[in-house]
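A.B. asks: Got my_file05.cif for you, mmCIF, C-alpha atoms and all ligand atoms:
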data_work
loop_
_atom_site.label_atom_id
_atom_site.label_comp_id
_atom_site.auth_asym_id
_atom_site.auth_seq_id
_atom_site.Cartn_x
_atom_site.Cartn_y
_atom_site.Cartn_z
CA MET A 1 122.13 76.40 121.29
CA LEU A 2 125.39 75.09 119.86
CA HIS A 3 124.89 73.08 116.68
CA ARG A 4 127.04 70.00 116.61
CA ALA A 5 129.06 69.47 113.47
CA ILE A 6 129.42 66.61 111.02
CA GLY A 7 132.94 65.15 111.30
CA ILE A 8 134.65 64.07 108.09
CA PHE A 9 138.10 62.54 107.79
CA ASP A 10 140.43 61.30 105.10
CA SER A 11 144.13 60.58 104.67
CA GLY A 12 144.63 64.01 103.06
CA VAL A 13 143.01 66.32 100.50
CA GLY A 14 140.96 63.63 98.75
CA GLY A 15 138.08 63.65 101.21
CA LEU A 16 137.39 67.25 100.23
CA THR A 17 135.45 65.78 97.28
CA VAL A 18 133.07 64.28 99.85
CA CYS A 19 133.09 67.54 101.83
CA LYS A 20 132.16 69.49 98.67
CA GLU A 21 129.13 67.24 98.11
CA VAL A 22 128.04 67.43 101.76
CA ILE A 23 128.23 71.25 101.57
CA ARG A 24 126.18 71.19 98.35
CA GLN A 25 123.50 68.88 99.74
CA LEU A 26 123.44 70.13 103.35
CA PRO A 27 124.58 73.78 103.18
CA GLY A 28 123.37 74.68 106.66
CA GLU A 29 125.47 72.10 108.49
CA ASN A 30 128.62 72.82 110.48
CA LEU A 31 131.53 70.63 109.32
CA ILE A 32 134.84 69.66 110.85
CA TYR A 33 137.28 68.07 108.41
CA LEU A 34 140.50 66.29 109.30
CA GLY A 35 143.11 65.38 106.67
CA ASP A 36 145.80 63.07 108.08
CA THR A 37 148.43 64.63 105.82
CA ALA A 38 151.37 63.56 108.02
CA ARG A 39 150.60 59.92 107.26
CA VAL A 40 149.09 60.03 103.74
CA PRO A 41 148.81 57.80 101.68
CA TYR A 42 146.60 55.17 103.30
CA GLY A 43 146.08 53.33 100.01
CA THR A 44 149.44 51.55 100.00
CA LYS A 45 149.49 50.66 103.72
CA SER A 46 148.39 47.47 105.49
CA ALA A 47 144.84 47.10 106.80
CA GLN A 48 146.15 47.01 110.38
CA THR A 49 147.97 50.33 110.02
CA VAL A 50 145.05 52.05 108.26
CA GLU A 51 142.69 50.84 110.99
CA ARG A 52 144.93 52.34 113.67
CA TYR A 53 145.22 55.67 111.80
CA ALA A 54 141.45 55.77 111.23
CA LEU A 55 140.70 55.19 114.93
CA GLU A 56 143.03 58.05 115.84
CA ALA A 57 141.60 60.42 113.21
CA ALA A 58 138.06 59.60 114.32
CA GLY A 59 139.06 60.07 117.98
CA PHE A 60 140.09 63.65 117.24
CA LEU A 61 136.70 64.41 115.65
CA VAL A 62 134.74 62.66 118.40
CA ASP A 63 136.61 64.83 120.94
CA GLN A 64 135.29 67.90 119.04
CA GLY A 65 131.75 66.65 119.80
CA VAL A 66 130.66 65.80 116.25
CA LYS A 67 127.17 64.29 115.84
CA LEU A 68 128.05 62.00 112.94
CA LEU A 69 131.24 60.64 111.44
CA VAL A 70 131.83 60.38 107.68
CA VAL A 71 134.77 58.21 106.70
CA ALA A 72 135.52 59.94 103.40
CA CYS A 73 138.54 57.76 102.62
CA ASN A 74 137.70 54.65 100.57
CA THR A 75 140.69 52.74 101.93
CA ALA A 76 139.75 53.49 105.55
CA SER A 77 136.08 52.68 104.79
CA ALA A 78 137.21 49.34 103.35
CA VAL A 79 139.17 48.21 106.39
CA ALA A 80 138.23 50.23 109.48
CA LEU A 81 134.42 50.57 109.68
CA PRO A 82 133.81 47.64 112.09
CA ALA A 83 136.51 48.91 114.50
CA LEU A 84 135.20 52.50 114.30
CA ARG A 85 131.61 51.42 114.95
CA GLU A 86 132.70 49.29 117.87
CA ARG A 87 134.72 52.05 119.53
CA TYR A 88 132.56 55.13 118.93
CA ARG A 89 128.89 55.38 119.80
CA LEU A 90 127.73 57.69 117.03
CA PRO A 91 126.53 57.05 113.48
CA VAL A 92 129.51 56.21 111.23
CA ILE A 93 129.05 56.41 107.46
CA GLY A 94 131.62 55.09 105.01
CA VAL A 95 131.79 55.63 101.24
CA ILE A 96 131.56 52.01 100.12
CA GLU A 97 127.92 51.09 100.89
CA PRO A 98 126.51 54.24 99.19
CA GLY A 99 128.65 53.66 96.07
CA ALA A 100 127.73 49.97 95.97
CA ARG A 101 124.02 50.80 96.29
CA ARG A 102 124.10 52.93 93.15
CA ALA A 103 126.30 50.44 91.27
CA ALA A 104 123.80 47.66 92.00
CA GLU A 105 121.39 49.44 89.61
CA SER A 106 123.56 48.15 86.73
CA ARG A 107 121.48 46.78 83.87
CA ASN A 108 123.87 44.15 82.53
CA GLN A 109 125.17 43.33 86.03
CA ARG A 110 128.77 43.76 84.86
CA ILE A 111 130.36 46.31 87.14
CA GLY A 112 133.87 47.74 87.33
CA VAL A 113 135.48 49.07 90.50
CA ILE A 114 138.64 51.17 90.64
CA GLY A 115 140.48 52.31 93.75
CA THR A 116 143.73 52.15 95.69
CA GLU A 117 145.62 48.91 96.23
CA GLY A 118 144.22 48.73 99.78
CA THR A 119 140.60 49.20 98.70
CA ILE A 120 140.79 46.75 95.81
CA GLY A 121 142.78 44.21 97.87
CA SER A 122 140.11 44.28 100.61
CA GLY A 123 137.38 43.10 98.20
CA ARG A 124 134.86 45.24 100.13
CA TYR A 125 133.19 46.88 97.12
CA GLU A 126 132.73 43.51 95.47
CA GLU A 127 131.21 42.12 98.67
CA ALA A 128 128.88 45.10 99.10
CA ILE A 129 127.72 44.97 95.45
CA ARG A 130 127.15 41.20 95.57
CA ALA A 131 125.13 41.54 98.76
CA LEU A 132 122.68 43.68 96.77
CA LEU A 133 123.01 42.01 93.38
CA PRO A 134 124.14 38.40 93.90
CA GLU A 135 124.49 37.60 90.18
CA ALA A 136 126.72 40.61 89.47
CA GLU A 137 130.14 40.14 87.90
CA VAL A 138 132.54 42.60 89.46
CA PHE A 139 135.83 43.52 87.79
CA SER A 140 138.23 45.36 90.09
CA THR A 141 141.46 47.18 89.28
CA ALA A 142 143.79 49.26 91.42
CA CYS A 143 144.78 52.54 89.73
CA PRO A 144 147.43 54.02 92.05
CA LEU A 145 148.76 56.59 89.57
CA PHE A 146 145.44 58.44 89.47
CA VAL A 147 146.07 59.89 92.95
CA PRO A 148 149.27 61.85 92.08
CA LEU A 149 147.80 62.84 88.69
CA ALA A 150 144.78 64.43 90.38
CA GLU A 151 146.95 66.20 92.96
CA GLU A 152 149.28 67.48 90.23
CA GLY A 153 146.31 69.08 88.46
CA TRP A 154 146.81 66.76 85.47
CA ALA A 155 143.38 65.11 85.55
CA GLU A 156 142.64 66.11 81.96
CA HIS A 157 146.21 65.95 80.67
CA GLU A 158 147.17 63.51 77.89
CA VAL A 159 149.25 61.59 80.46
CA ALA A 160 146.05 60.95 82.45
CA ARG A 161 144.23 59.71 79.33
CA LEU A 162 147.02 57.28 78.44
CA THR A 163 147.27 56.06 82.03
CA ALA A 164 143.51 55.52 82.17
CA LEU A 165 143.58 53.65 78.87
CA GLU A 166 146.22 51.29 80.25
CA TYR A 167 144.43 50.64 83.57
CA LEU A 168 140.90 50.42 82.15
CA GLN A 169 141.49 48.26 79.08
CA PRO A 170 140.47 45.04 80.94
CA LEU A 171 137.25 46.74 82.10
CA ILE A 172 136.46 47.92 78.57
CA SER A 173 137.03 44.35 77.32
CA ALA A 174 134.77 43.03 80.10
CA GLN A 175 131.94 45.22 78.72
CA ILE A 176 130.96 46.73 82.03
CA ASP A 177 128.06 49.21 82.01
CA THR A 178 128.90 50.79 85.39
CA LEU A 179 132.22 51.95 86.85
CA VAL A 180 132.57 52.79 90.55
CA LEU A 181 135.05 55.58 91.26
CA GLY A 182 136.20 53.99 94.51
CA CYS A 183 138.76 56.58 95.58
CA THR A 184 138.39 60.14 96.85
CA HIS A 185 140.55 61.53 94.03
CA TYR A 186 138.78 59.98 91.06
CA PRO A 187 135.87 62.44 90.70
CA LEU A 188 138.49 64.93 89.45
CA LEU A 189 139.31 62.52 86.61
CA ARG A 190 135.67 62.08 85.63
CA THR A 191 135.98 63.71 82.18
CA THR A 192 139.02 61.63 81.26
CA LEU A 193 137.49 58.40 82.59
CA GLN A 194 134.22 58.98 80.73
CA ARG A 195 136.15 59.66 77.53
CA VAL A 196 138.13 56.44 77.89
CA MET A 197 135.17 54.25 78.93
CA GLY A 198 132.74 55.78 76.42
CA PRO A 199 129.39 57.53 76.96
CA GLY A 200 127.47 54.29 77.59
CA VAL A 201 129.20 53.55 80.91
CA LEU A 202 127.71 55.05 84.08
CA LEU A 203 130.37 56.48 86.40
CA VAL A 204 129.37 56.14 90.06
CA ASP A 205 130.80 58.90 92.24
CA SER A 206 131.09 57.50 95.77
CA ALA A 207 131.53 61.02 97.17
CA ALA A 208 128.16 62.25 95.84
CA GLU A 209 126.40 59.00 96.82
CA THR A 210 127.78 59.27 100.36
CA ALA A 211 126.57 62.86 100.75
CA SER A 212 123.09 61.77 99.60
CA CYS A 213 123.19 58.99 102.18
CA VAL A 214 124.06 61.50 104.95
CA ALA A 215 121.25 63.82 103.81
CA GLU A 216 118.80 60.91 103.83
CA LEU A 217 119.85 59.84 107.33
CA PHE A 218 119.42 63.41 108.59
CA ARG A 219 115.93 63.64 107.15
CA GLU A 220 114.94 60.30 108.69
CA GLN A 221 116.38 61.04 112.13
CA GLY A 222 115.52 64.74 112.27
CA LEU A 223 119.21 65.69 112.70
CA GLU A 224 119.14 68.47 110.11
CA ARG A 225 120.06 72.05 110.71
CA PRO A 226 117.92 73.71 108.04
CA GLU A 227 119.17 77.32 108.03
CA HIS A 228 121.99 78.20 105.65
CA GLY A 229 125.57 79.34 106.30
CA GLY A 230 127.26 76.45 108.11
CA GLN A 231 130.67 76.84 109.71
CA ARG A 232 133.55 74.80 108.22
CA ASP A 233 136.74 74.04 110.12
CA PHE A 234 139.67 72.27 108.49
CA TYR A 235 142.49 70.47 110.32
CA VAL A 236 145.57 68.65 109.06
CA THR A 237 148.31 66.67 110.79
CA ASP A 238 151.20 68.22 108.80
CA VAL A 239 151.85 71.86 107.86
CA PRO A 240 148.82 73.18 105.94
CA THR A 241 150.56 74.82 102.93
CA ARG A 242 150.23 72.01 100.39
CA PHE A 243 146.75 71.02 101.61
CA GLU A 244 145.52 74.59 101.10
CA ARG A 245 147.00 74.83 97.60
CA VAL A 246 146.03 71.37 96.27
CA GLY A 247 142.76 71.20 98.21
CA ARG A 248 141.18 74.10 96.31
CA ALA A 249 140.51 71.94 93.23
CA PHE A 250 139.05 69.16 95.39
CA LEU A 251 136.73 71.39 97.41
CA GLY A 252 135.90 73.69 94.49
CA ARG A 253 136.58 76.79 96.59
CA GLU A 254 139.27 78.43 98.73
CA LEU A 255 140.14 76.80 102.05
CA SER A 256 139.76 79.75 104.38
CA LYS A 257 141.38 78.55 107.58
CA VAL A 258 143.37 75.35 108.07
CA ASP A 259 145.02 74.44 111.38
CA GLN A 260 147.64 71.85 112.17
CA VAL A 261 146.93 69.39 114.99
CA MET A 262 148.62 66.37 116.61
CA ILE A 263 146.57 63.18 116.82
CA GLY A 264 147.18 59.69 118.17
N1 LIG B 1 141.82 58.85 100.24
C1 LIG B 1 142.34 57.62 99.69
C2 LIG B 1 141.18 56.72 99.24
O1 LIG B 1 140.09 57.18 98.95
C3 LIG B 1 143.29 57.89 98.52
C4 LIG B 1 144.61 58.51 98.96
C5 LIG B 1 145.43 57.60 99.86
O2 LIG B 1 145.93 56.56 99.38
O3 LIG B 1 145.54 57.91 101.03
O4 LIG B 1 141.32 55.54 99.21
#
Render the structure in this file as C-alpha cells.
Ligand code: DGL

C.D. replies:
Amino acid sequence: MLHRAIGIFDSGVGGLTVCKEVIRQLPGENLIYLGDTARVPYGTKSAQTVERYALEAAGFLVDQGVKLLVVACNTASAVALPALRERYRLPVIGVIEPGARRAAESRNQRIGVIGTEGTIGSGRYEEAIRALLPEAEVFSTACPLFVPLAEEGWAEHEVARLTALEYLQPLISAQIDTLVLGCTHYPLLRTTLQRVMGPGVLLVDSAAETASCVAELFREQGLERPEHGGQRDFYVTDVPTRFERVGRAFLGRELSKVDQVMIG
C-alpha cells in the first residue's frame, strides 16, 4: 500500500525548520516539501497576494495526494488559512495556533511576538493568544532583517546581536516573560535572541510546537505511519542551487534531491 505523505509548504527555505521538527517527531512519515522560491519573500507582500500564492502552493501538494497540509510559513498562516480550509478538503495546520497555545502558558501574561511585517500587521498571533488568555498583554514587533541574517549564516554574528538589541528593546522594557518566534527563520537566531532577552524569557519556537500538533493529530486520528525511514521529496519554484546550499542549516542535514516545478 502506498503511504500518503504530509505536505509542507513555505515561501522558501524557512519552512525547513518546521520540516526538521516533523522529521524528528514523526520519522516514519513521507514528506513532500514545496518552497515557493520564485516568489519569496511573502513577508513584505499584501495579504491578497500571499493568499493567492498559498492557494497555488497548496494546490501543487494536494495534486500529489498528500494526507495533511502544513502551512509552515507564518505569513501565509496569518492570512491564508480560511481560504485554504475552504478550498481543500483535508486537514490544514498552520503555525500560529500551536505557537499561541504554548505562549498562553505565560506566567505574567506579558507576551512578545516577533515576525515579518505581514504576520505582525495581520494581528493574528495577538488574536490567537487573547482567545486563550483574554487578559494577556501582547507586544508585537516586526523584525524583517532577521530573515536575511539567518540566510547569510550570520545568526550568531555581532551584527545579529546588535540588530536584535535594537528590535527587542521595547519588549525588554515591557518585561515580557515569553517571546514567540513567529517566523520560520527565527529558530536559527535562538542563541542570539536568548542572549539579548536574558535567561528568564521563554522563547516559543512555532516550528517545534507545530510539529507536536501534527504528531498529536496523527495519534488521535490514527493517521500515523509507525515504521521508520520516511521518504522526503523537496520541490522549489526557482532553480534549486541556493535552496540546497542555504537550506542545509535550516534542515540540519543535506538536501538530497530538489526538483524545480511550475505552480499556479
Ligand atoms: N517564511 C516567512 C514567514 O515565516 C519568512 C520569509 C518570507 O518573508 O517569505 O513568515

A.B. asks: Go through A:Ala164, A:Ala131, A:Val258, A:Val50 one by one, measure the shortest atom-to-atom distance of each to Gly118 of chain A using only C-alpha atoms, and give the residue with the smallest value.

C.D. replies: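 Answer, going by the shortest atom-to-atom distance: A:Val50.
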
A.B. asks: Residues within 10 Å of Thr237 of chain A, please, as JSON, numbers by chain. Count only C-alpha atoms; anything in the same chain fewer than 5 positions from it doesn't count.

C.D. replies: {"A": [11, 12, 34, 35, 36, 37, 38, 39, 40, 57, 259, 260, 261, 262, 263]}

A.B. asks: Give me, as a VMD selection string, all polymer residues having an atom no more than 6 Å from segment 190-201 of chain A, counting all atoms listed in the file and skipping those fewer than 4 positions away in the same chain.

C.D. replies: chain A and resid 156 161 177 to 178

A.B. asks: Give the centre and edge lengths of an axis-aligned box, in Å to one decimal, that holds all listed atoms of segment 130-138 of chain A with 8 Å on each side, as JSON.

C.D. replies:
{"center_x": 127.6, "center_y": 40.6, "center_z": 93.3, "size_x": 25.9, "size_y": 22.1, "size_z": 26.9}

A.B. asks: Go through A:Val92, A:Leu251, A:Val147, A:Ile8 and flag the residue nearest ligand LIG 1 (chain B), using all atoms listed in the file for the distances.

C.D. replies: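 Using all atoms listed in the file, ligand LIG 1 (chain B) sits closest to A:Val147.
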
A.B. asks: Neighbouring residues of ligand LIG 1 (chain B) are defined here as those with any atom at most 6 Å from a ligand atom, counting only C-alpha atoms and all ligand atoms; list them as a count of residues only.

C.D. replies: 13

A.B. asks: If we count all atoms listed in the file and set the cut-off at 7 Å, which residues sit around Val66 of chain A, ignoring sequence neighbours fewer than 3 positions away in its own chain? Please answer as a ChimeraX atom specification.

C.D. replies: /A:4-7,61-62

A.B. asks: Take the selection from the previous step and output its residues with C-alpha atoms, as a PDB file, in the coordinates of the input.

C.D. replies:
ATOM      1  CA  ARG A   4     127.040  70.000 116.610  1.00  0.00           C
ATOM      2  CA  ALA A   5     129.060  69.470 113.470  1.00  0.00           C
ATOM      3  CA  ILE A   6     129.420  66.610 111.020  1.00  0.00           C
ATOM      4  CA  GLY A   7     132.940  65.150 111.300  1.00  0.00           C
ATOM      5  CA  LEU A  61     136.700  64.410 115.650  1.00  0.00           C
ATOM      6  CA  VAL A  62     134.740  62.660 118.400  1.00  0.00           C
TER       7      VAL A  62
END

A.B. asks: Report, in Å to a single decimal, how far apart atom CA of Glu158 of chain A and atom CA of Pro144 of chain A are.

C.D. replies: 17.0 Å

A.B. asks: Of the candidates A:Gly15, A:Ala80, A:Lys20, A:Ile93, which one gets nearest to Glu254 of chain A if we count all atoms listed in the file?

C.D. replies: A:Lys20

A.B. asks: Skip Pro170 of chain A itself and residues of its chain fewer than 4 positions away, then list as a VMD selection string all residues within 10 Å of it, counting all atoms listed in the file.

C.D. replies: chain A and resid 112 139 to 141 165 to 166 174 to 176

A.B. asks: Which distance in Å separates atom CA of Ile111 of chain A and atom CA of Val95 of chain A, to one decimal?

C.D. replies: 17.0 Å

A.B. asks: Within 9 Å of Leu55 of chain A, counting only C-alpha atoms, which residues qualify if same-chain residues fewer than 5 places away don't, as a list in words?

C.D. replies: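 Non-adjacent residues within range: Val50, Phe60, Ala80, Ala83, Leu84, Arg87 and Gly264 of chain A.
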
A.B. asks: Just checking: using only C-alpha atoms, which residue out of A:Arg101, A:Arg248, A:Arg24, A:Lys257 ends up closest to Ala211 of chain A?

C.D. replies: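 Looking at the shortest contact to Ala211 of chain A, the residue is A:Arg24.
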
A.B. asks: May I ask which of the residues A:Val138, A:Leu132, A:Leu223, A:Ala103 is the closest one to Leu202 of chain A, counting all atoms listed in the file?

C.D. replies: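 Closest to Leu202 of chain A of all the choices is A:Ala103.
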
A.B. asks: Compare A:Val70, A:Leu81, A:Gly28, A:Gly65 by their minimum atom-to-atom distance to Glu51 of chain A, counting only C-alpha atoms, and give me the closest one.

C.D. replies: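 Checking each of A:Val70, A:Leu81, A:Gly28, A:Gly65 against Glu51 of chain A, counting only C-alpha atoms, the winner is A:Leu81.
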
A.B. asks: Record the distance separating atom CA of Gly123 of chain A and atom CA of Ser46 of chain A, expressed in Å with one decimal.

C.D. replies: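 Going from atom CA of Gly123 of chain A over to atom CA of Ser46 of chain A covers 13.9 Å.
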